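**Q** One structure follows; several queries about it will come next.
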Amino acid sequence: MLKGNFYNIRTVVNENGQVTLTLELNAAHPIFGGHFPEQPVVPGVCMMQIITETLEDAVQQKVLLQKAGLMKFLNMIDPVQQPLVDVNLTYKAEENGGWKVNATLKREATTFMKFQGVFK
């Protein structure tokens, strides 16, 4: 939904239940016109969608968030000042067919978001 428009993937490695990728945000995307006109900030829902799309690409199936045990937004992402974001995501299949996921969005020493939860 957002990949290829709101952001583009620069690099990606998916090995043994771990995905590491670097994405580049599109600071000209219309979302930033309303969030916010003079100070663009990546909405939290978009950060969560990036995690969802990363998992979907890794497991090659559509997923839906079932439980968010931890969802912390630690720092704002200004797409003009910080267009590159690193996504680190680990996933493990559960017996019931779901996926247990831990993820962070960060760049260098700055962590923007931490997530732990379950998708189905």
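How things are named: the first chain in the structure tokens is A, the next is B, and so on; residues count from 1 in each chain; ligands count from 1 in the order shown.
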Go through chain A and collect every residue that DSSP, computed from the backbone, puts in alpha helix (DSSP H); the answer should be as a ChimeraX atom specification.

**A** /A:31-34,44-59

**Q** For region 41-92 of chain A against region 7-17 of chain A, with a cut-off of 9 Å and counting only C-alpha atoms, what is the closest atom pair and its distance in Å to one decimal for every residue that makes the cut, ordered by chain and number, as JSON lines?

**A**
```
{"residue": "A:Ile50", "atom": "CA", "partner": "A:Tyr7", "partner_atom": "CA", "distance": 8.8}
{"residue": "A:Ala58", "atom": "CA", "partner": "A:Asn14", "partner_atom": "CA", "distance": 6.7}
{"residue": "A:Leu84", "atom": "CA", "partner": "A:Arg10", "partner_atom": "CA", "distance": 8.8}
{"residue": "A:Leu89", "atom": "CA", "partner": "A:Gly17", "partner_atom": "CA", "distance": 8.3}
{"residue": "A:Thr90", "atom": "CA", "partner": "A:Gly17", "partner_atom": "CA", "distance": 5.6}
{"residue": "A:Tyr91", "atom": "CA", "partner": "A:Gly17", "partner_atom": "CA", "distance": 5.2}
{"residue": "A:Lys92", "atom": "CA", "partner": "A:Gly17", "partner_atom": "CA", "distance": 6.3}
```

**Q** Pick out the closest residue to Phe119 (chain A) from this set: A:Glu24, A:Glu94, A:Asp78, A:Asp57. Count only C-alpha atoms.

**A** A:Glu94

**Q** I'd like the neighbourhood of Gln116 (chain A) as a list in words, where a residue qualifies if any of its atoms comes within 8 Å (using only C-alpha atoms), though same-chain residues fewer than 5 positions away should be ignored.

**A**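 My reading of the contact set: Ala68, Gly69, Leu70, Met71, Lys100, Val101, Asn102 and Ala103 of chain A.
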
**Q** Generate a file of the selected residues that holds N, CA and C atoms, formatted as an mmCIF file, in the first residue's frame.

**A**
```cif
data_model
loop_
_atom_site.group_PDB
_atom_site.id
_atom_site.type_symbol
_atom_site.label_atom_id
_atom_site.label_comp_id
_atom_site.auth_asym_id
_atom_site.auth_seq_id
_atom_site.Cartn_x
_atom_site.Cartn_y
_atom_site.Cartn_z
ATOM 1 N N ALA A 68 -0.873 -6.211 19.669
ATOM 2 C CA ALA A 68 0.305 -5.361 19.813
ATOM 3 C C ALA A 68 0.647 -5.310 21.294
ATOM 4 N N GLY A 69 1.613 -6.116 21.698
ATOM 5 C CA GLY A 69 2.033 -6.129 23.091
ATOM 6 C C GLY A 69 2.850 -4.901 23.448
ATOM 7 N N LEU A 70 3.573 -4.367 22.459
ATOM 8 C CA LEU A 70 4.404 -3.178 22.655
ATOM 9 C C LEU A 70 4.407 -2.394 21.347
ATOM 10 N N MET A 71 4.069 -1.127 21.439
ATOM 11 C CA MET A 71 4.128 -0.232 20.289
ATOM 12 C C MET A 71 4.529 1.132 20.829
ATOM 13 N N LYS A 100 4.846 -14.257 15.279
ATOM 14 C CA LYS A 100 5.320 -13.414 16.375
ATOM 15 C C LYS A 100 6.400 -12.503 15.803
ATOM 16 N N VAL A 101 6.260 -11.192 16.045
ATOM 17 C CA VAL A 101 7.130 -10.205 15.398
ATOM 18 C C VAL A 101 7.720 -9.244 16.420
ATOM 19 N N ASN A 102 8.996 -8.944 16.262
ATOM 20 C CA ASN A 102 9.682 -7.860 16.963
ATOM 21 C C ASN A 102 10.277 -6.975 15.874
ATOM 22 N N ALA A 103 10.096 -5.665 16.012
ATOM 23 C CA ALA A 103 10.599 -4.765 14.975
ATOM 24 C C ALA A 103 11.042 -3.439 15.566
#
```

**Q** Pick the closest to Pro79 (chain A) from A:Lys106, A:Lys67, A:Lys3, A:His29: which is it, counting only C-alpha atoms?

**A**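 Smallest distance to Pro79 (chain A) is found for A:His29.
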
**Q** Need to verify the contact set: Lys120 (chain A), 10 Å, only C-alpha atoms, exclusion of same-chain residues closer than 6 positions in sequence. Can you return it as a list of chain:residue names?

**A**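 The neighbour list is A:Gln61, A:Lys62, A:Val63, A:Leu64, A:Leu65, A:Gln66, A:Lys67, A:Ala93, A:Glu94, A:Asn96, A:Gly97, A:Gly98, A:Trp99, A:Lys100.
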